[in-house]
Amino acid sequence: MAPAPLALATCDGDVITIESAGSRVEELVRPLVLAVGGWAVAAAYPMDGTALAGCLVPSTVSRALAAGSATERERFAPWRPKRLCRGRITAVEQAPDTMHDEGSGAARGFLDAAALPSRPTSVVISEAEGLRRRFRLEAHNEVLLALGDGAVVAAAPDQILILSAADGSVVDVERAVPGAEVEVVVIEAAPPWHTRDGRALARMGVPALMERNGGGPW
């Protein structure tokens, strides 16, 4: 079923309608959502109740409303986030444009298969307390893998977030800059993502990142 046409509504009252081939929806929607503050409400294709019941994650709307009405760090309480580290971003590295060239081999195949519009990005964070480890976050659209001193500490399908240390707001990968004080937290994915089928789907973008970092449990 094609994801388009679809409509987006932003918190500022903007309404955006997108009519495009299904393969380009992600490429078009992601920069739009980033431009309006990182979130929007989408109305997509219709679905009957039976199909909807089979793919819904219960209570997500209620939890989102509860988080939105909370203040400061209490807004994250419904998701029970686990903090991985607090520190300063020391480097942000992006894959060169040659990753998209015909001769880039396995990387080219990964990008084509995943159909992800962004470039692979690495965010390096120096921990400011505790063991003072060096964390490396590997991202492609989202943060897919977190390494602490080279060891895997979190990975998809769990959600890995970069938060501003100042106010707890989410820092998008595209807006991460050296010198920023941040916290890295992980939120466990809904149980269906930890089934065999769910992990197979989440694993799509992880092998290339693991290969770049010497392998891992995937």
# chains A, B, ... in the order shown; residues from 1 in each chain; ligands from 1
$ residues_around --residues "range 169-179 of chain A" --least-positions-apart "2" --cutoff "10 Å" --atoms "only C-alpha atoms" --output "short mmCIF file (atom, residue, chain, number, x, y, z; two decimals) with N, CA, C and O atoms, in the first residue's frame"
data_model
loop_
_atom_site.label_atom_id
_atom_site.label_comp_id
_atom_site.auth_asym_id
_atom_site.auth_seq_id
_atom_site.Cartn_x
_atom_site.Cartn_y
_atom_site.Cartn_z
N PRO A 31 13.17 16.22 6.04
CA PRO A 31 13.62 17.61 6.19
C PRO A 31 12.49 18.58 6.54
O PRO A 31 12.72 19.58 7.22
N LEU A 34 11.98 18.28 10.31
CA LEU A 34 13.09 18.93 11.00
C LEU A 34 12.93 20.45 10.96
O LEU A 34 13.18 21.14 11.95
N GLY A 37 10.54 21.97 13.67
CA GLY A 37 10.79 21.74 15.09
C GLY A 37 10.94 20.30 15.50
O GLY A 37 11.12 20.01 16.69
N GLY A 38 10.87 19.36 14.56
CA GLY A 38 11.16 17.96 14.89
C GLY A 38 9.96 17.06 15.02
O GLY A 38 10.11 15.86 15.21
N GLU A 72 9.68 19.85 32.11
CA GLU A 72 11.09 19.53 32.13
C GLU A 72 11.31 18.02 31.98
O GLU A 72 10.74 17.39 31.11
N ARG A 73 12.12 17.42 32.85
CA ARG A 73 12.51 16.02 32.65
C ARG A 73 11.39 15.03 32.96
O ARG A 73 11.47 13.86 32.60
N ARG A 75 8.72 14.89 31.53
CA ARG A 75 8.06 14.55 30.27
C ARG A 75 8.53 13.19 29.73
O ARG A 75 7.85 12.56 28.94
N GLY A 87 27.97 14.27 28.76
CA GLY A 87 29.28 14.77 28.37
C GLY A 87 29.20 15.84 27.30
O GLY A 87 28.15 16.46 27.10
N ARG A 88 30.31 16.03 26.61
CA ARG A 88 30.42 17.07 25.60
C ARG A 88 30.69 16.43 24.23
O ARG A 88 31.52 15.52 24.12
N ILE A 89 29.99 16.92 23.21
CA ILE A 89 30.25 16.46 21.85
C ILE A 89 31.62 16.98 21.42
O ILE A 89 31.87 18.19 21.47
N THR A 90 32.50 16.07 21.03
CA THR A 90 33.85 16.48 20.62
C THR A 90 34.04 16.41 19.11
O THR A 90 34.98 17.03 18.58
N ALA A 91 33.20 15.67 18.41
CA ALA A 91 33.34 15.59 16.95
C ALA A 91 32.04 15.11 16.34
O ALA A 91 31.30 14.32 16.95
N VAL A 92 31.76 15.59 15.14
CA VAL A 92 30.64 15.11 14.32
C VAL A 92 31.22 14.79 12.95
O VAL A 92 31.75 15.67 12.28
N SER A 118 19.48 10.44 4.36
CA SER A 118 20.58 11.15 5.00
C SER A 118 21.90 10.43 4.77
O SER A 118 21.95 9.29 4.31
N ARG A 119 23.00 11.12 5.12
CA ARG A 119 24.32 10.50 5.05
C ARG A 119 24.66 9.88 6.40
O ARG A 119 24.29 10.41 7.44
N THR A 121 26.31 9.30 9.77
CA THR A 121 26.92 10.30 10.64
C THR A 121 27.40 9.65 11.93
O THR A 121 26.72 8.77 12.47
N SER A 122 28.55 10.07 12.42
CA SER A 122 29.08 9.62 13.71
C SER A 122 29.18 10.82 14.64
O SER A 122 29.70 11.87 14.24
N VAL A 123 28.68 10.67 15.85
CA VAL A 123 28.77 11.73 16.87
C VAL A 123 29.63 11.18 18.01
O VAL A 123 29.30 10.15 18.60
N VAL A 124 30.73 11.86 18.30
CA VAL A 124 31.66 11.43 19.34
C VAL A 124 31.45 12.29 20.58
O VAL A 124 31.42 13.52 20.49
N ILE A 125 31.28 11.63 21.73
CA ILE A 125 31.00 12.33 22.99
C ILE A 125 31.99 11.89 24.05
O ILE A 125 32.19 10.68 24.26
N LEU A 137 28.31 7.51 18.64
CA LEU A 137 26.96 7.21 18.18
C LEU A 137 26.98 7.14 16.66
O LEU A 137 27.41 8.09 16.00
N GLU A 138 26.52 6.02 16.13
CA GLU A 138 26.47 5.84 14.68
C GLU A 138 25.03 6.01 14.23
O GLU A 138 24.12 5.34 14.74
N ALA A 139 24.82 6.93 13.29
CA ALA A 139 23.46 7.27 12.88
C ALA A 139 23.31 7.25 11.38
O ALA A 139 24.25 7.53 10.63
N HIS A 140 22.11 6.90 10.96
CA HIS A 140 21.69 7.04 9.56
C HIS A 140 20.20 7.33 9.62
O HIS A 140 19.39 6.42 9.76
N ASN A 141 19.85 8.60 9.56
CA ASN A 141 18.52 9.11 9.91
C ASN A 141 18.33 9.13 11.42
O ASN A 141 18.09 10.17 12.00
N GLU A 142 18.40 7.99 12.07
CA GLU A 142 18.31 7.89 13.53
C GLU A 142 19.61 7.30 14.06
O GLU A 142 20.38 6.70 13.32
N VAL A 143 19.83 7.45 15.37
CA VAL A 143 20.98 6.80 15.99
C VAL A 143 20.67 5.31 16.09
O VAL A 143 19.71 4.90 16.75
N LEU A 161 18.65 8.44 22.07
CA LEU A 161 18.39 9.86 21.91
C LEU A 161 19.54 10.69 22.46
O LEU A 161 20.15 10.34 23.48
N ILE A 162 19.80 11.81 21.79
CA ILE A 162 20.73 12.83 22.30
C ILE A 162 19.87 13.95 22.88
O ILE A 162 19.02 14.50 22.18
N LEU A 163 20.08 14.28 24.15
CA LEU A 163 19.31 15.33 24.81
C LEU A 163 20.22 16.48 25.20
O LEU A 163 21.37 16.28 25.59
N SER A 164 19.69 17.69 25.09
CA SER A 164 20.43 18.85 25.57
C SER A 164 20.56 18.78 27.08
O SER A 164 19.57 18.56 27.80
N ALA A 165 21.78 18.94 27.60
CA ALA A 165 21.99 18.92 29.05
C ALA A 165 21.36 20.13 29.71
O ALA A 165 21.08 20.11 30.91
N ALA A 166 21.10 21.18 28.94
CA ALA A 166 20.55 22.41 29.51
C ALA A 166 19.07 22.30 29.84
O ALA A 166 18.63 22.70 30.91
N ASP A 167 18.28 21.73 28.90
CA ASP A 167 16.83 21.72 29.11
C ASP A 167 16.17 20.38 28.83
O ASP A 167 14.95 20.25 28.91
N GLU A 181 26.92 20.42 25.32
CA GLU A 181 26.79 19.55 26.49
C GLU A 181 25.50 18.74 26.33
O GLU A 181 24.41 19.32 26.18
N VAL A 182 25.62 17.42 26.38
CA VAL A 182 24.46 16.57 26.09
C VAL A 182 24.40 15.38 27.05
O VAL A 182 25.37 15.08 27.76
N GLU A 183 23.25 14.75 27.05
CA GLU A 183 23.07 13.45 27.67
C GLU A 183 22.62 12.48 26.59
O GLU A 183 21.93 12.88 25.64
N VAL A 184 23.01 11.23 26.73
CA VAL A 184 22.56 10.19 25.80
C VAL A 184 21.71 9.21 26.59
O VAL A 184 22.15 8.70 27.63
#
$ residues_around --residues "Thr17 in chain A" --least-positions-apart "3" --cutoff "12 Å" --atoms "only C-alpha atoms" --output "list of chain:residue names"
A:Ala4, A:Pro5, A:Leu6, A:Ala7, A:Leu8, A:Ala9, A:Thr10, A:Asp14, A:Ser20, A:Val25, A:Leu28, A:Val29, A:Leu32, A:Val41, A:Ala42, A:Ala43, A:Ala44
$ atom_distance --atom1 "CA of Leu144 in chain A" --atom2 "CA of Val33 in chain A"
19.5 Å
$ atom_distance --atom1 "CA of Lys82 in chain A" --atom2 "CA of Trp39 in chain A"
22.3 Å
$ select_by_dssp --residues "range 26-198 of chain A" --states "strand (DSSP E or B)" --output "ChimeraX atom specification"
/A:41-43,82-94,121-127,134-140,142-148,151-155,159-164,170,181-187
$ decode --residues "range 130-144 of chain A" --atoms "all heavy atoms" --output "PDB file, in the first residue's frame"
ATOM      1  N   GLY A 130      31.995   9.877  36.017  1.00  0.00           N
ATOM      2  CA  GLY A 130      32.091   8.422  36.098  1.00  0.00           C
ATOM      3  C   GLY A 130      33.364   7.886  35.473  1.00  0.00           C
ATOM      4  O   GLY A 130      34.470   8.321  35.795  1.00  0.00           O
ATOM      5  N   LEU A 131      33.222   6.942  34.551  1.00  0.00           N
ATOM      6  CA  LEU A 131      34.369   6.291  33.920  1.00  0.00           C
ATOM      7  C   LEU A 131      35.035   7.158  32.853  1.00  0.00           C
ATOM      8  O   LEU A 131      36.086   6.798  32.338  1.00  0.00           O
ATOM      9  CB  LEU A 131      33.929   4.961  33.288  1.00  0.00           C
ATOM     10  CG  LEU A 131      33.366   3.916  34.254  1.00  0.00           C
ATOM     11  CD1 LEU A 131      32.882   2.691  33.482  1.00  0.00           C
ATOM     12  CD2 LEU A 131      34.414   3.518  35.287  1.00  0.00           C
ATOM     13  N   ARG A 132      34.398   8.274  32.493  1.00  0.00           N
ATOM     14  CA  ARG A 132      34.927   9.194  31.477  1.00  0.00           C
ATOM     15  C   ARG A 132      35.267   8.460  30.175  1.00  0.00           C
ATOM     16  O   ARG A 132      36.339   8.613  29.599  1.00  0.00           O
ATOM     17  CB  ARG A 132      36.140   9.955  32.015  1.00  0.00           C
ATOM     18  CG  ARG A 132      35.790  10.823  33.216  1.00  0.00           C
ATOM     19  CD  ARG A 132      36.914  11.729  33.633  1.00  0.00           C
ATOM     20  NE  ARG A 132      36.512  12.568  34.748  1.00  0.00           N
ATOM     21  CZ  ARG A 132      35.845  13.723  34.649  1.00  0.00           C
ATOM     22  NH1 ARG A 132      35.507  14.160  33.448  1.00  0.00           N
ATOM     23  NH2 ARG A 132      35.517  14.425  35.720  1.00  0.00           N
ATOM     24  N   ARG A 133      34.298   7.664  29.756  1.00  0.00           N
ATOM     25  CA  ARG A 133      34.475   6.913  28.522  1.00  0.00           C
ATOM     26  C   ARG A 133      34.293   7.812  27.295  1.00  0.00           C
ATOM     27  O   ARG A 133      33.786   8.927  27.390  1.00  0.00           O
ATOM     28  CB  ARG A 133      33.461   5.763  28.461  1.00  0.00           C
ATOM     29  CG  ARG A 133      33.659   4.692  29.510  1.00  0.00           C
ATOM     30  CD  ARG A 133      32.434   3.801  29.618  1.00  0.00           C
ATOM     31  NE  ARG A 133      31.300   4.543  30.172  1.00  0.00           N
ATOM     32  CZ  ARG A 133      30.084   4.021  30.336  1.00  0.00           C
ATOM     33  NH1 ARG A 133      29.849   2.769  29.966  1.00  0.00           N
ATOM     34  NH2 ARG A 133      29.109   4.751  30.855  1.00  0.00           N
ATOM     35  N   ARG A 134      34.691   7.268  26.165  1.00  0.00           N
ATOM     36  CA  ARG A 134      34.452   7.938  24.887  1.00  0.00           C
ATOM     37  C   ARG A 134      33.318   7.199  24.187  1.00  0.00           C
ATOM     38  O   ARG A 134      33.433   6.008  23.882  1.00  0.00           O
ATOM     39  CB  ARG A 134      35.703   7.911  24.021  1.00  0.00           C
ATOM     40  CG  ARG A 134      35.537   8.648  22.698  1.00  0.00           C
ATOM     41  CD  ARG A 134      36.777   8.520  21.842  1.00  0.00           C
ATOM     42  NE  ARG A 134      36.638   9.243  20.586  1.00  0.00           N
ATOM     43  CZ  ARG A 134      37.520   9.190  19.596  1.00  0.00           C
ATOM     44  NH1 ARG A 134      38.608   8.454  19.735  1.00  0.00           N
ATOM     45  NH2 ARG A 134      37.330   9.864  18.494  1.00  0.00           N
ATOM     46  N   PHE A 135      32.230   7.909  23.962  1.00  0.00           N
ATOM     47  CA  PHE A 135      31.075   7.320  23.306  1.00  0.00           C
ATOM     48  C   PHE A 135      31.062   7.719  21.835  1.00  0.00           C
ATOM     49  O   PHE A 135      31.422   8.840  21.475  1.00  0.00           O
ATOM     50  CB  PHE A 135      29.771   7.785  23.968  1.00  0.00           C
ATOM     51  CG  PHE A 135      29.461   7.058  25.242  1.00  0.00           C
ATOM     52  CD1 PHE A 135      30.101   7.403  26.422  1.00  0.00           C
ATOM     53  CD2 PHE A 135      28.543   6.022  25.264  1.00  0.00           C
ATOM     54  CE1 PHE A 135      29.830   6.732  27.600  1.00  0.00           C
ATOM     55  CE2 PHE A 135      28.258   5.347  26.433  1.00  0.00           C
ATOM     56  CZ  PHE A 135      28.907   5.702  27.609  1.00  0.00           C
ATOM     57  N   ARG A 136      30.630   6.779  21.020  1.00  0.00           N
ATOM     58  CA  ARG A 136      30.487   7.034  19.592  1.00  0.00           C
ATOM     59  C   ARG A 136      29.093   6.588  19.174  1.00  0.00           C
ATOM     60  O   ARG A 136      28.730   5.420  19.361  1.00  0.00           O
ATOM     61  CB  ARG A 136      31.551   6.278  18.799  1.00  0.00           C
ATOM     62  CG  ARG A 136      31.589   6.633  17.315  1.00  0.00           C
ATOM     63  CD  ARG A 136      32.711   5.885  16.604  1.00  0.00           C
ATOM     64  NE  ARG A 136      32.864   6.352  15.237  1.00  0.00           N
ATOM     65  CZ  ARG A 136      33.671   7.335  14.861  1.00  0.00           C
ATOM     66  NH1 ARG A 136      34.417   7.950  15.773  1.00  0.00           N
ATOM     67  NH2 ARG A 136      33.756   7.714  13.604  1.00  0.00           N
ATOM     68  N   LEU A 137      28.311   7.510  18.643  1.00  0.00           N
ATOM     69  CA  LEU A 137      26.964   7.214  18.180  1.00  0.00           C
ATOM     70  C   LEU A 137      26.977   7.143  16.662  1.00  0.00           C
ATOM     71  O   LEU A 137      27.409   8.089  15.996  1.00  0.00           O
ATOM     72  CB  LEU A 137      25.981   8.294  18.641  1.00  0.00           C
ATOM     73  CG  LEU A 137      25.988   8.648  20.129  1.00  0.00           C
ATOM     74  CD1 LEU A 137      24.941   9.714  20.417  1.00  0.00           C
ATOM     75  CD2 LEU A 137      25.765   7.418  20.989  1.00  0.00           C
ATOM     76  N   GLU A 138      26.523   6.022  16.127  1.00  0.00           N
ATOM     77  CA  GLU A 138      26.472   5.838  14.681  1.00  0.00           C
ATOM     78  C   GLU A 138      25.026   6.010  14.227  1.00  0.00           C
ATOM     79  O   GLU A 138      24.120   5.341  14.740  1.00  0.00           O
ATOM     80  CB  GLU A 138      26.990   4.453  14.294  1.00  0.00           C
ATOM     81  CG  GLU A 138      28.438   4.192  14.691  1.00  0.00           C
ATOM     82  CD  GLU A 138      29.436   4.982  13.852  1.00  0.00           C
ATOM     83  OE1 GLU A 138      28.999   5.765  12.976  1.00  0.00           O
ATOM     84  OE2 GLU A 138      30.645   4.821  14.059  1.00  0.00           O
ATOM     85  N   ALA A 139      24.824   6.925  13.291  1.00  0.00           N
ATOM     86  CA  ALA A 139      23.464   7.270  12.884  1.00  0.00           C
ATOM     87  C   ALA A 139      23.308   7.250  11.378  1.00  0.00           C
ATOM     88  O   ALA A 139      24.249   7.529  10.631  1.00  0.00           O
ATOM     89  CB  ALA A 139      23.099   8.659  13.418  1.00  0.00           C
ATOM     90  N   HIS A 140      22.106   6.898  10.955  1.00  0.00           N
ATOM     91  CA  HIS A 140      21.693   7.042   9.562  1.00  0.00           C
ATOM     92  C   HIS A 140      20.202   7.325   9.619  1.00  0.00           C
ATOM     93  O   HIS A 140      19.394   6.415   9.758  1.00  0.00           O
ATOM     94  CB  HIS A 140      21.993   5.776   8.770  1.00  0.00           C
ATOM     95  CG  HIS A 140      22.031   6.006   7.290  1.00  0.00           C
ATOM     96  ND1 HIS A 140      22.504   5.081   6.401  1.00  0.00           N
ATOM     97  CD2 HIS A 140      21.659   7.075   6.539  1.00  0.00           C
ATOM     98  CE1 HIS A 140      22.421   5.559   5.171  1.00  0.00           C
ATOM     99  NE2 HIS A 140      21.902   6.771   5.238  1.00  0.00           N
ATOM    100  N   ASN A 141      19.852   8.601   9.565  1.00  0.00           N
ATOM    101  CA  ASN A 141      18.520   9.114   9.905  1.00  0.00           C
ATOM    102  C   ASN A 141      18.331   9.132  11.417  1.00  0.00           C
ATOM    103  O   ASN A 141      18.085  10.171  11.996  1.00  0.00           O
ATOM    104  CB  ASN A 141      17.393   8.309   9.266  1.00  0.00           C
ATOM    105  CG  ASN A 141      17.201   8.632   7.809  1.00  0.00           C
ATOM    106  OD1 ASN A 141      17.771   9.580   7.291  1.00  0.00           O
ATOM    107  ND2 ASN A 141      16.392   7.843   7.137  1.00  0.00           N
ATOM    108  N   GLU A 142      18.401   7.988  12.074  1.00  0.00           N
ATOM    109  CA  GLU A 142      18.305   7.891  13.526  1.00  0.00           C
ATOM    110  C   GLU A 142      19.606   7.302  14.064  1.00  0.00           C
ATOM    111  O   GLU A 142      20.384   6.702  13.324  1.00  0.00           O
ATOM    112  CB  GLU A 142      17.134   6.979  13.933  1.00  0.00           C
ATOM    113  CG  GLU A 142      15.811   7.311  13.272  1.00  0.00           C
ATOM    114  CD  GLU A 142      15.209   8.613  13.771  1.00  0.00           C
ATOM    115  OE1 GLU A 142      15.668   9.118  14.820  1.00  0.00           O
ATOM    116  OE2 GLU A 142      14.285   9.129  13.119  1.00  0.00           O
ATOM    117  N   VAL A 143      19.826   7.451  15.368  1.00  0.00           N
ATOM    118  CA  VAL A 143      20.980   6.798  15.989  1.00  0.00           C
ATOM    119  C   VAL A 143      20.668   5.309  16.087  1.00  0.00           C
ATOM    120  O   VAL A 143      19.710   4.901  16.751  1.00  0.00           O
ATOM    121  CB  VAL A 143      21.274   7.376  17.387  1.00  0.00           C
ATOM    122  CG1 VAL A 143      22.471   6.644  18.004  1.00  0.00           C
ATOM    123  CG2 VAL A 143      21.558   8.871  17.306  1.00  0.00           C
ATOM    124  N   LEU A 144      21.462   4.498  15.419  1.00  0.00           N
ATOM    125  CA  LEU A 144      21.226   3.056  15.366  1.00  0.00           C
ATOM    126  C   LEU A 144      22.125   2.271  16.311  1.00  0.00           C
ATOM    127  O   LEU A 144      21.810   1.135  16.671  1.00  0.00           O
ATOM    128  CB  LEU A 144      21.453   2.539  13.942  1.00  0.00           C
ATOM    129  CG  LEU A 144      20.567   3.131  12.847  1.00  0.00           C
ATOM    130  CD1 LEU A 144      20.975   2.577  11.486  1.00  0.00           C
ATOM    131  CD2 LEU A 144      19.102   2.848  13.124  1.00  0.00           C
TER     132      LEU A 144
END
